[in-house]
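J.: Following this line is input-v4.pdb, made up of PDB, C-alpha atoms, pLDDT in the B column:
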```pdb
ATOM      1  CA  MET A  22       3.437 -11.593   0.937  1.00 89.00           C
ATOM      2  CA  LYS A  23      -0.173 -10.818   1.605  1.00 94.00           C
ATOM      3  CA  VAL A  24      -2.425  -9.806   4.481  1.00 96.00           C
ATOM      4  CA  GLY A  25      -2.821 -12.682   6.937  1.00 94.00           C
ATOM      5  CA  ASP A  26       0.608 -14.257   6.375  1.00 94.00           C
ATOM      6  CA  LEU A  27       2.702 -15.168   9.421  1.00 92.00           C
ATOM      7  CA  VAL A  28       6.264 -13.878   9.120  1.00 93.00           C
ATOM      8  CA  THR A  29       9.539 -13.637  10.986  1.00 91.00           C
ATOM      9  CA  TYR A  30      12.795 -11.804  10.284  1.00 94.00           C
ATOM     10  CA  ALA A  31      14.881 -13.596   7.648  1.00 93.00           C
ATOM     11  CA  PHE A  32      18.045 -13.346   9.771  1.00 94.00           C
ATOM     12  CA  GLN A  33      16.354 -15.497  12.427  1.00 91.00           C
ATOM     13  CA  LEU A  34      16.092 -18.528  10.126  1.00 83.00           C
ATOM     14  CA  PRO A  35      19.065 -20.328  11.744  1.00 86.00           C
ATOM     15  CA  ARG A  36      17.479 -19.888  15.191  1.00 89.00           C
ATOM     16  CA  TRP A  37      14.154 -21.254  13.891  1.00 82.00           C
ATOM     17  CA  ARG A  38      15.875 -24.346  12.479  1.00 81.00           C
ATOM     18  CA  LYS A  39      17.509 -24.997  15.865  1.00 87.00           C
ATOM     19  CA  GLY A  40      14.113 -24.779  17.572  1.00 86.00           C
ATOM     20  CA  GLU A  41      14.960 -21.547  19.379  1.00 89.00           C
ATOM     21  CA  SER A  42      12.487 -18.706  19.848  1.00 87.00           C
ATOM     22  CA  VAL A  43      12.037 -16.108  17.106  1.00 87.00           C
ATOM     23  CA  HIS A  44       9.857 -13.049  16.575  1.00 89.00           C
ATOM     24  CA  VAL A  45       6.585 -13.907  14.819  1.00 91.00           C
ATOM     25  CA  GLY A  46       4.247 -11.362  13.286  1.00 93.00           C
ATOM     26  CA  LEU A  47       1.080 -11.134  11.235  1.00 94.00           C
ATOM     27  CA  ILE A  48       0.898  -8.986   8.097  1.00 96.00           C
ATOM     28  CA  VAL A  49      -2.034  -6.610   8.573  1.00 96.00           C
ATOM     29  CA  GLU A  50      -1.592  -4.251   5.600  1.00 96.00           C
ATOM     30  CA  THR A  51       0.419  -3.902   2.393  1.00 95.00           C
ATOM     31  CA  GLY A  52       1.356  -0.738   0.505  1.00 94.00           C
ATOM     32  CA  LYS A  53       4.196   1.738   0.064  1.00 95.00           C
ATOM     33  CA  TYR A  54       5.551   3.401   3.189  1.00 93.00           C
ATOM     34  CA  THR A  55       8.556   5.568   3.992  1.00 91.00           C
ATOM     35  CA  GLY A  56      11.962   3.941   4.319  1.00 89.00           C
ATOM     36  CA  ASN A  57      11.434   1.294   1.581  1.00 91.00           C
ATOM     37  CA  CYS A  58       8.830  -0.461   3.726  1.00 95.00           C
ATOM     38  CA  ASP A  59       5.981  -2.243   2.004  1.00 96.00           C
ATOM     39  CA  VAL A  60       4.093  -4.137   4.736  1.00 97.00           C
ATOM     40  CA  LYS A  61       2.677  -3.418   8.186  1.00 97.00           C
ATOM     41  CA  VAL A  62       3.293  -6.244  10.629  1.00 96.00           C
ATOM     42  CA  SER A  63       1.643  -6.803  13.985  1.00 95.00           C
ATOM     43  CA  TRP A  64       4.449  -8.296  16.093  1.00 93.00           C
ATOM     44  CA  MET A  65       3.454 -10.448  19.052  1.00 87.00           C
ATOM     45  CA  GLY A  66       4.947  -9.084  22.246  1.00 74.00           C
ATOM     46  CA  LYS A  67       4.981  -9.998  25.899  1.00 71.00           C
ATOM     47  CA  ARG A  68       2.279  -7.500  26.815  1.00 76.00           C
ATOM     48  CA  LYS A  69       0.607  -6.400  23.581  1.00 78.00           C
ATOM     49  CA  ALA A  70       0.990  -6.537  19.824  1.00 80.00           C
ATOM     50  CA  GLU A  71       2.942  -3.724  18.169  1.00 89.00           C
ATOM     51  CA  VAL A  72       2.256  -2.726  14.549  1.00 92.00           C
ATOM     52  CA  ARG A  73       5.377  -1.660  12.646  1.00 94.00           C
ATOM     53  CA  THR A  74       6.158  -0.994   9.006  1.00 96.00           C
ATOM     54  CA  GLU A  75       8.738  -3.406   7.596  1.00 96.00           C
ATOM     55  CA  GLY A  76      10.439  -4.173   4.303  1.00 96.00           C
ATOM     56  CA  SER A  77       9.324  -7.547   2.990  1.00 95.00           C
ATOM     57  CA  GLN A  78      12.856  -8.197   1.693  1.00 95.00           C
ATOM     58  CA  HIS A  79      13.903  -8.647   5.345  1.00 95.00           C
ATOM     59  CA  LEU A  80      11.073 -11.050   6.234  1.00 95.00           C
ATOM     60  CA  ALA A  81      10.402 -14.758   5.653  1.00 92.00           C
ATOM     61  CA  LEU A  82       7.068 -16.569   5.678  1.00 89.00           C
ATOM     62  CA  VAL A  83       6.683 -18.898   8.655  1.00 85.00           C
ATOM     63  CA  PRO A  84       5.416 -21.927   6.632  1.00 64.00           C
ATOM     64  CA  ASP A  85       8.544 -21.692   4.440  1.00 59.00           C
ATOM     65  CA  LEU A  86      10.857 -22.171   7.424  1.00 51.00           C
ATOM     66  CA  SER A  87      10.869 -25.956   7.442  1.00 51.00           C
TER
END
```
Would you write out, as structure tokens, the structure that this file holds?

T.:
Amino acid sequence: MKVGDLVTYAFQLPRWRKGESVHVGLIVETGKYTGNCDVKVSWMGKRKAEVRTEGSQHLALVPDLS
């Protein structure tokens, strides 16, 4: 994964395939962070975007969710 990729949580893949709503975020930074996290993701929220550190092993790229 690299900066600029659109991602969602891997466990939400079944919901995506059914056409249901899922969380979508944009990778804004990569590196090594506490808690085995290696990317910072700006998650799209109802009011504003929230940047959180995440482990890429728990994420899936949006284009790969066909």

J.: So which one's closest to Gly66 of chain A, A:Val24, A:Arg36, A:Val45, A:Ala31? Using only C-alpha atoms, please.

T.: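 Result for the nearest residue to Gly66 of chain A: A:Val45.
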
J.: Can you work out which one of A:Met65, A:Leu82, A:Ala70, A:Tyr54 has the shortest atom-to-atom distance to Tyr30 of chain A, counting only C-alpha atoms?

T.: A:Leu82

J.: Neighbouring residues of Val83 of chain A were defined as those with any atom within 12 Å, considering all atoms listed in the file; residues of the same chain fewer than 4 positions away were excluded. Please report them as a list of chain:residue names.

T.: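 Counting only the stated atoms, we get A:Met22, A:Gly25, A:Asp26, A:Leu27, A:Val28, A:Thr29, A:Tyr30, A:Ala31, A:Gln33, A:Leu34, A:Trp37, A:Arg38, A:Val43, A:His44, A:Val45, A:Gly46, A:Leu47, A:Ile48, A:Ser87.
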
J.: Atom CA of Asn57 of chain A and atom CA of Glu71 of chain A are how many Å apart?

T.: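 Separation of atom CA of Asn57 of chain A and atom CA of Glu71 of chain A: 19.3 Å.
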
J.: As an exercise, work out the distance from atom CA of Thr74 of chain A to atom CA of Val60 of chain A in Å and give it to one decimal place.

T.: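 Separation between atom CA of Thr74 of chain A and atom CA of Val60 of chain A: 5.7 Å.
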
J.: State, in Å with one decimal place, the distance from atom CA of Lys23 of chain A to atom CA of Cys58 of chain A.

T.: 13.9 Å

J.: Produce the centre coordinates and the three edge lengths, each in Å to one decimal, of the box along x, y and z that contains all listed atoms of segment 44-55 of chain A with 5 Å added on each side, as AutoDock Vina command-line options.

T.:
```
--center_x 3.9 --center_y -4.2 --center_z 8.3 --size_x 21.9 --size_y 29.5 --size_z 26.5
```
